[in-house]
$ cat protein_8.pdb   # PDB, C-alpha atoms
ATOM      1  CA  MET A 448       0.000   0.000   0.000
ATOM      2  CA  ASN A 449       1.443   3.381  -0.936
ATOM      3  CA  ARG A 450       1.481   6.473   1.282
ATOM      4  CA  LYS A 451      -1.406   8.231  -0.528
ATOM      5  CA  THR A 452      -3.745   5.250  -0.127
ATOM      6  CA  GLY A 453      -2.777   4.793   3.532
ATOM      7  CA  ARG A 454      -3.439   8.479   4.262
ATOM      8  CA  ARG A 455      -6.862   8.318   2.539
ATOM      9  CA  ILE A 456      -7.842   5.241   4.550
ATOM     10  CA  ARG A 457      -6.743   6.900   7.821
ATOM     11  CA  ILE A 458      -8.912   9.925   6.938
ATOM     12  CA  LEU A 459     -11.824   7.810   5.689
ATOM     13  CA  ILE A 460     -12.100   5.578   8.796
ATOM     14  CA  PRO A 461     -12.869   8.429  11.270
ATOM     15  CA  VAL A 462     -15.295   9.989   8.753
ATOM     16  CA  VAL A 463     -17.202   6.699   8.428
ATOM     17  CA  PHE A 464     -17.359   6.276  12.223
ATOM     18  CA  ALA A 465     -18.529   9.892  12.637
ATOM     19  CA  LEU A 466     -21.329   9.324  10.110
ATOM     20  CA  LEU A 467     -22.387   6.094  11.766
ATOM     21  CA  ALA A 468     -22.486   7.735  15.185
ATOM     22  CA  SER A 469     -24.226  10.948  14.106
ATOM     23  CA  PRO A 470     -27.745  11.577  15.474
ATOM     24  CA  SER A 471     -29.224  12.073  11.995
ATOM     25  CA  VAL A 472     -28.290   8.525  11.016
ATOM     26  CA  LEU A 473     -29.760   7.237  14.282
ATOM     27  CA  PHE A 474     -33.023   9.107  13.616
ATOM     28  CA  ALA A 475     -33.307   7.660  10.125
ATOM     29  CA  GLN A 476     -32.896   4.089  11.412
ATOM     30  CA  GLU A 477     -35.044   4.450  14.527
ATOM     31  CA  ASP A 478     -38.501   2.859  14.663
ATOM     32  CA  PRO A 479     -40.778   5.927  14.934
ATOM     33  CA  HIS A 480     -43.748   4.402  16.789
ATOM     34  CA  GLY A 481     -44.672   5.725  20.203
ATOM     35  CA  LEU A 482     -46.154   8.563  22.228
ATOM     36  CA  ALA A 483     -45.310  12.267  21.889
ATOM     37  CA  VAL A 484     -46.567  15.316  23.817
ATOM     38  CA  GLU A 485     -46.290  18.976  22.752
ATOM     39  CA  LEU A 486     -46.984  22.476  23.955
ATOM     40  CA  PHE A 487     -47.744  24.973  21.195
ATOM     41  CA  GLY A 488     -48.571  28.602  20.639
ATOM     42  CA  GLY A 489     -49.252  30.897  17.732
ATOM     43  CA  ARG A 490     -51.764  33.118  16.033
ATOM     44  CA  LEU A 491     -55.362  32.430  15.023
ATOM     45  CA  ALA A 492     -57.035  34.263  12.147
ATOM     46  CA  GLY A 493     -60.781  33.997  11.459
ATOM     47  CA  PHE A 494     -62.136  34.591   7.965
ATOM     48  CA  SER A 495     -65.722  35.315   6.881
ATOM     49  CA  SER A 496     -67.312  34.785   3.447
ATOM     50  CA  GLY A 497     -65.801  38.047   2.176
ATOM     51  CA  ASN A 498     -62.309  36.872   3.224
ATOM     52  CA  GLU A 499     -62.177  39.653   5.781
ATOM     53  CA  ILE A 500     -60.245  38.904   8.951
ATOM     54  CA  THR A 501     -62.731  38.912  11.806
ATOM     55  CA  VAL A 502     -60.580  37.445  14.583
ATOM     56  CA  HIS A 503     -56.838  37.742  15.037
ATOM     57  CA  ASP A 504     -55.468  36.619  18.364
ATOM     58  CA  ASP A 505     -53.019  34.400  20.259
ATOM     59  CA  THR A 506     -53.637  30.696  20.741
ATOM     60  CA  LEU A 507     -52.046  28.261  23.195
ATOM     61  CA  GLY A 508     -52.522  24.521  23.512
ATOM     62  CA  VAL A 509     -51.343  21.010  24.168
ATOM     63  CA  ARG A 510     -51.238  17.974  21.856
ATOM     64  CA  ALA A 511     -50.633  14.275  22.381
ATOM     65  CA  SER A 512     -50.030  11.821  19.558
ATOM     66  CA  TYR A 513     -49.310   8.173  19.007
ATOM     67  CA  ARG A 514     -47.377   7.110  15.947
ATOM     68  CA  PHE A 515     -48.166   3.617  14.649
ATOM     69  CA  ASN A 516     -45.459   3.334  11.969
ATOM     70  CA  HIS A 517     -43.442   5.453   9.520
ATOM     71  CA  VAL A 518     -46.597   6.892   7.915
ATOM     72  CA  TRP A 519     -49.621   6.889  10.272
ATOM     73  CA  ALA A 520     -50.323   8.591  13.607
ATOM     74  CA  VAL A 521     -53.370   9.695  15.602
ATOM     75  CA  GLU A 522     -53.434  12.922  17.601
ATOM     76  CA  ALA A 523     -55.623  14.789  20.095
ATOM     77  CA  ALA A 524     -55.288  18.542  20.703
ATOM     78  CA  VAL A 525     -56.839  21.157  22.970
ATOM     79  CA  SER A 526     -56.219  24.852  22.372
ATOM     80  CA  ARG A 527     -57.478  28.129  23.817
ATOM     81  CA  VAL A 528     -57.760  31.411  21.963
ATOM     82  CA  ASN A 529     -56.955  34.434  24.136
ATOM     83  CA  GLU A 530     -59.861  36.702  23.238
ATOM     84  CA  ASP A 531     -62.456  38.655  25.189
ATOM     85  CA  LEU A 532     -64.556  35.513  25.090
ATOM     86  CA  VAL A 533     -63.496  32.065  26.305
ATOM     87  CA  PHE A 534     -62.821  30.126  23.105
ATOM     88  CA  TRP A 535     -61.609  26.472  23.017
ATOM     89  CA  ASN A 536     -60.892  23.998  20.212
ATOM     90  CA  ASP A 537     -60.848  20.236  20.927
ATOM     91  CA  GLU A 538     -59.682  18.112  17.996
ATOM     92  CA  LEU A 539     -58.913  14.547  16.983
ATOM     93  CA  SER A 540     -56.703  14.044  13.910
ATOM     94  CA  LEU A 541     -55.389  11.317  11.677
ATOM     95  CA  LYS A 542     -51.863  12.270  10.612
ATOM     96  CA  ALA A 543     -49.999  10.962   7.542
ATOM     97  CA  TYR A 544     -46.274  11.583   7.077
ATOM     98  CA  LEU A 545     -45.567  12.362   3.407
ATOM     99  CA  ALA A 546     -41.793  12.647   3.547
ATOM    100  CA  GLN A 547     -39.097  11.957   6.108
ATOM    101  CA  ARG A 548     -35.431  12.679   5.895
ATOM    102  CA  ASP A 549     -32.995  12.503   8.773
ATOM    103  CA  ARG A 550     -34.251  15.096  11.278
ATOM    104  CA  PHE A 551     -37.211  16.356   9.233
ATOM    105  CA  GLY A 552     -40.706  14.964   8.614
ATOM    106  CA  LEU A 553     -43.492  16.587   6.562
ATOM    107  CA  PHE A 554     -47.099  15.602   7.366
ATOM    108  CA  LEU A 555     -50.766  16.260   6.597
ATOM    109  CA  LEU A 556     -53.498  15.898   9.194
ATOM    110  CA  ALA A 557     -57.293  16.078   9.217
ATOM    111  CA  GLY A 558     -60.229  15.196  11.432
ATOM    112  CA  PRO A 559     -63.260  16.295  13.462
ATOM    113  CA  GLY A 560     -63.428  18.591  16.447
ATOM    114  CA  VAL A 561     -65.555  20.787  18.685
ATOM    115  CA  GLN A 562     -65.301  24.556  19.088
ATOM    116  CA  ARG A 563     -66.566  25.813  22.455
ATOM    117  CA  ALA A 564     -67.151  29.465  23.324
ATOM    118  CA  LYS A 565     -68.607  31.465  26.211
ATOM    119  CA  PHE A 566     -69.389  35.148  25.966
ATOM    120  CA  ALA A 567     -71.571  37.483  28.026
ATOM    121  CA  GLY A 568     -73.334  34.646  29.840
ATOM    122  CA  SER A 569     -74.146  32.598  26.749
ATOM    123  CA  SER A 570     -72.262  29.697  25.223
ATOM    124  CA  TYR A 571     -72.217  27.545  22.118
ATOM    125  CA  ASN A 572     -70.589  24.356  20.917
ATOM    126  CA  ALA A 573     -69.984  23.884  17.188
ATOM    127  CA  LYS A 574     -68.834  20.724  15.440
ATOM    128  CA  THR A 575     -65.791  21.346  13.255
ATOM    129  CA  VAL A 576     -63.661  19.700  10.603
ATOM    130  CA  HIS A 577     -60.021  20.618  10.110
ATOM    131  CA  ALA A 578     -57.060  19.980   7.844
ATOM    132  CA  GLY A 579     -53.474  21.077   8.097
ATOM    133  CA  ILE A 580     -49.869  20.699   7.062
ATOM    134  CA  GLY A 581     -46.822  20.734   9.280
ATOM    135  CA  ALA A 582     -43.355  19.429   9.964
ATOM    136  CA  ASP A 583     -41.415  17.731  12.753
ATOM    137  CA  ILE A 584     -37.870  19.069  13.063
ATOM    138  CA  ALA A 585     -35.765  17.010  15.479
ATOM    139  CA  LEU A 586     -33.467  18.967  17.782
ATOM    140  CA  THR A 587     -32.287  15.880  19.651
ATOM    141  CA  GLU A 588     -33.334  12.239  19.682
ATOM    142  CA  LYS A 589     -36.420  13.094  21.798
ATOM    143  CA  LEU A 590     -36.933  16.893  21.525
ATOM    144  CA  TYR A 591     -38.445  18.458  18.382
ATOM    145  CA  LEU A 592     -40.004  21.623  16.949
ATOM    146  CA  ARG A 593     -43.261  21.544  15.031
ATOM    147  CA  PRO A 594     -44.435  24.410  12.804
ATOM    148  CA  GLU A 595     -47.987  23.932  11.526
ATOM    149  CA  ILE A 596     -50.804  25.629   9.603
ATOM    150  CA  LEU A 597     -54.279  24.276  10.408
ATOM    151  CA  ALA A 598     -57.575  25.420   8.838
ATOM    152  CA  ARG A 599     -60.799  24.756  10.742
ATOM    153  CA  TRP A 600     -64.388  24.977   9.473
ATOM    154  CA  PRO A 601     -67.355  24.941  11.871
ATOM    155  CA  TYR A 602     -69.602  22.245  10.417
ATOM    156  CA  ASP A 603     -72.748  24.306  11.050
ATOM    157  CA  PHE A 604     -71.304  27.284   9.126
ATOM    158  CA  ILE A 605     -69.641  25.565   6.139
ATOM    159  CA  ASN A 606     -72.149  27.124   3.734
ATOM    160  CA  ASP A 607     -71.417  30.556   5.251
ATOM    161  CA  ARG A 608     -67.750  30.111   4.270
ATOM    162  CA  TYR A 609     -66.460  30.918   7.731
ATOM    163  CA  ARG A 610     -63.164  29.386   8.838
ATOM    164  CA  THR A 611     -60.335  29.898  11.269
ATOM    165  CA  THR A 612     -56.682  29.261  10.576
ATOM    166  CA  ASP A 613     -54.022  28.587  13.215
ATOM    167  CA  TYR A 614     -50.371  29.386  12.535
ATOM    168  CA  THR A 615     -48.502  27.661  15.339
ATOM    169  CA  ILE A 616     -45.134  26.415  16.467
ATOM    170  CA  GLY A 617     -44.820  23.740  19.096
ATOM    171  CA  ILE A 618     -42.102  22.080  21.088
ATOM    172  CA  GLY A 619     -42.525  18.380  21.739
ATOM    173  CA  TRP A 620     -41.025  15.370  23.456
ATOM    174  CA  ARG A 621     -41.077  11.793  22.160
ATOM    175  CA  PHE A 622     -41.276   8.991  24.718
TER     176      PHE A 622
END

$ encode --input "protein_8.pdb" --output "structure tokens"
Amino acid sequence: MNRKTGRRIRILIPVVFALLASPSVLFAQEDPHGLAVELFGGRLAGFSSGNEITVHDDTLGVRASYRFNHVWAVEAAVSRVNEDLVFWNDELSLKAYLAQRDRFGLFLLAGPGVQRAKFAGSSYNAKTVHAGIGADIALTEKLYLRPEILARWPYDFINDRYRTTDYTIGIGWRF
């Protein structure tokens, strides 16, 4: 073996070991099933039939999900909009991961929910449907960030073309 080949092998061996030991390689090989919990916050915008913004406020919430395999997960979320009225969204979603690469996963989610509000002594509950797109961005093996856009339509007002849209970012932990 000549000196050039020996030097290349000595350089190549640590590079190969570094790649094998890197967290991104571990994430790609890891079985993704299991429980995850997140706290999230963001902005909510409400739109009427004329596409005018009627509500624009902060939202905070918590989500829990269970991932069955590389593609499918189920998720439950509860969020509160910080308005003059007490405004809650309770949702159940089926989540499908479209693409995954190392520390990044892109997903779509959709499902039913309930929107609860109390204002000036009166209250209402509206059935909703929602759909969204988001991403999981791993910071460590367990800790991740999750940006998401979720549109929600109250079932009773679908013909009125009213919807709300949440723009959120969450921080989560995988168990």

$ closest_residue --input "protein_8.pdb" --among "A:Thr612, A:Lys589, A:Arg548, A:Ser540" --to "Leu482 of chain A" --atoms "all atoms listed in the file"
A:Lys589

$ residues_near_point --input "protein_8.pdb" --point "(-42.2, 16.0, 15.1)" --cutoff "7 Å" --atoms "all atoms listed in the file" --output "list in words"
Gly552, Ala582, Asp583, Ile584, Ala585, Tyr591, Leu592 and Arg593 of chain A

$ resolve_selection --input "protein_8.pdb" --expression "the PyMOL selection byres ((chain A and resi 621) around 7)" --output "PyMOL selection string"
chain A and resi 482-484+589-590+619-620+622

$ resolve_selection --input "protein_8.pdb" --expression "the PyMOL selection byres ((chain A and resi 555) around 6)" --output "list in words"
Lys542, Ala543, Phe554, Leu556, Gly579 and Ile580 of chain A

$ atom_distance --input "protein_8.pdb" --atom1 "atom CA of Ala523 of chain A" --atom2 "atom CA of Lys574 of chain A"
15.2 Å

$ atom_distance --input "protein_8.pdb" --atom1 "atom CA of Gly581 of chain A" --atom2 "atom CA of Trp535 of chain A"
21.0 Å

$ residues_near_point --input "protein_8.pdb" --point "(-52.3, 28.7, 15.9)" --cutoff "8 Å" --atoms "only C-alpha atoms" --output "list of chain:residue names"
A:Phe487, A:Gly488, A:Gly489, A:Arg490, A:Leu491, A:Asp505, A:Thr506, A:Leu507, A:Glu595, A:Ile596, A:Leu597, A:Thr612, A:Asp613, A:Tyr614, A:Thr615, A:Ile616

$ decode --input "protein_8.pdb" --residues "segment 490-595 of chain A" --atoms "C-alpha atoms" --output "short mmCIF file (atom, residue, chain, number, x, y, z; two decimals), in the first residue's frame"
data_model
loop_
_atom_site.label_atom_id
_atom_site.label_comp_id
_atom_site.auth_asym_id
_atom_site.auth_seq_id
_atom_site.Cartn_x
_atom_site.Cartn_y
_atom_site.Cartn_z
CA ARG A 490 -51.76 33.12 16.03
CA LEU A 491 -55.36 32.43 15.02
CA ALA A 492 -57.04 34.26 12.15
CA GLY A 493 -60.78 34.00 11.46
CA PHE A 494 -62.14 34.59 7.97
CA SER A 495 -65.72 35.32 6.88
CA SER A 496 -67.31 34.79 3.45
CA GLY A 497 -65.80 38.05 2.18
CA ASN A 498 -62.31 36.87 3.22
CA GLU A 499 -62.18 39.65 5.78
CA ILE A 500 -60.25 38.90 8.95
CA THR A 501 -62.73 38.91 11.81
CA VAL A 502 -60.58 37.45 14.58
CA HIS A 503 -56.84 37.74 15.04
CA ASP A 504 -55.47 36.62 18.36
CA ASP A 505 -53.02 34.40 20.26
CA THR A 506 -53.64 30.70 20.74
CA LEU A 507 -52.05 28.26 23.19
CA GLY A 508 -52.52 24.52 23.51
CA VAL A 509 -51.34 21.01 24.17
CA ARG A 510 -51.24 17.97 21.86
CA ALA A 511 -50.63 14.28 22.38
CA SER A 512 -50.03 11.82 19.56
CA TYR A 513 -49.31 8.17 19.01
CA ARG A 514 -47.38 7.11 15.95
CA PHE A 515 -48.17 3.62 14.65
CA ASN A 516 -45.46 3.33 11.97
CA HIS A 517 -43.44 5.45 9.52
CA VAL A 518 -46.60 6.89 7.91
CA TRP A 519 -49.62 6.89 10.27
CA ALA A 520 -50.32 8.59 13.61
CA VAL A 521 -53.37 9.70 15.60
CA GLU A 522 -53.43 12.92 17.60
CA ALA A 523 -55.62 14.79 20.10
CA ALA A 524 -55.29 18.54 20.70
CA VAL A 525 -56.84 21.16 22.97
CA SER A 526 -56.22 24.85 22.37
CA ARG A 527 -57.48 28.13 23.82
CA VAL A 528 -57.76 31.41 21.96
CA ASN A 529 -56.95 34.43 24.14
CA GLU A 530 -59.86 36.70 23.24
CA ASP A 531 -62.46 38.66 25.19
CA LEU A 532 -64.56 35.51 25.09
CA VAL A 533 -63.50 32.07 26.30
CA PHE A 534 -62.82 30.13 23.11
CA TRP A 535 -61.61 26.47 23.02
CA ASN A 536 -60.89 24.00 20.21
CA ASP A 537 -60.85 20.24 20.93
CA GLU A 538 -59.68 18.11 18.00
CA LEU A 539 -58.91 14.55 16.98
CA SER A 540 -56.70 14.04 13.91
CA LEU A 541 -55.39 11.32 11.68
CA LYS A 542 -51.86 12.27 10.61
CA ALA A 543 -50.00 10.96 7.54
CA TYR A 544 -46.27 11.58 7.08
CA LEU A 545 -45.57 12.36 3.41
CA ALA A 546 -41.79 12.65 3.55
CA GLN A 547 -39.10 11.96 6.11
CA ARG A 548 -35.43 12.68 5.90
CA ASP A 549 -32.99 12.50 8.77
CA ARG A 550 -34.25 15.10 11.28
CA PHE A 551 -37.21 16.36 9.23
CA GLY A 552 -40.71 14.96 8.61
CA LEU A 553 -43.49 16.59 6.56
CA PHE A 554 -47.10 15.60 7.37
CA LEU A 555 -50.77 16.26 6.60
CA LEU A 556 -53.50 15.90 9.19
CA ALA A 557 -57.29 16.08 9.22
CA GLY A 558 -60.23 15.20 11.43
CA PRO A 559 -63.26 16.29 13.46
CA GLY A 560 -63.43 18.59 16.45
CA VAL A 561 -65.56 20.79 18.68
CA GLN A 562 -65.30 24.56 19.09
CA ARG A 563 -66.57 25.81 22.45
CA ALA A 564 -67.15 29.47 23.32
CA LYS A 565 -68.61 31.47 26.21
CA PHE A 566 -69.39 35.15 25.97
CA ALA A 567 -71.57 37.48 28.03
CA GLY A 568 -73.33 34.65 29.84
CA SER A 569 -74.15 32.60 26.75
CA SER A 570 -72.26 29.70 25.22
CA TYR A 571 -72.22 27.55 22.12
CA ASN A 572 -70.59 24.36 20.92
CA ALA A 573 -69.98 23.88 17.19
CA LYS A 574 -68.83 20.72 15.44
CA THR A 575 -65.79 21.35 13.26
CA VAL A 576 -63.66 19.70 10.60
CA HIS A 577 -60.02 20.62 10.11
CA ALA A 578 -57.06 19.98 7.84
CA GLY A 579 -53.47 21.08 8.10
CA ILE A 580 -49.87 20.70 7.06
CA GLY A 581 -46.82 20.73 9.28
CA ALA A 582 -43.35 19.43 9.96
CA ASP A 583 -41.42 17.73 12.75
CA ILE A 584 -37.87 19.07 13.06
CA ALA A 585 -35.77 17.01 15.48
CA LEU A 586 -33.47 18.97 17.78
CA THR A 587 -32.29 15.88 19.65
CA GLU A 588 -33.33 12.24 19.68
CA LYS A 589 -36.42 13.09 21.80
CA LEU A 590 -36.93 16.89 21.52
CA TYR A 591 -38.44 18.46 18.38
CA LEU A 592 -40.00 21.62 16.95
CA ARG A 593 -43.26 21.54 15.03
CA PRO A 594 -44.43 24.41 12.80
CA GLU A 595 -47.99 23.93 11.53
#
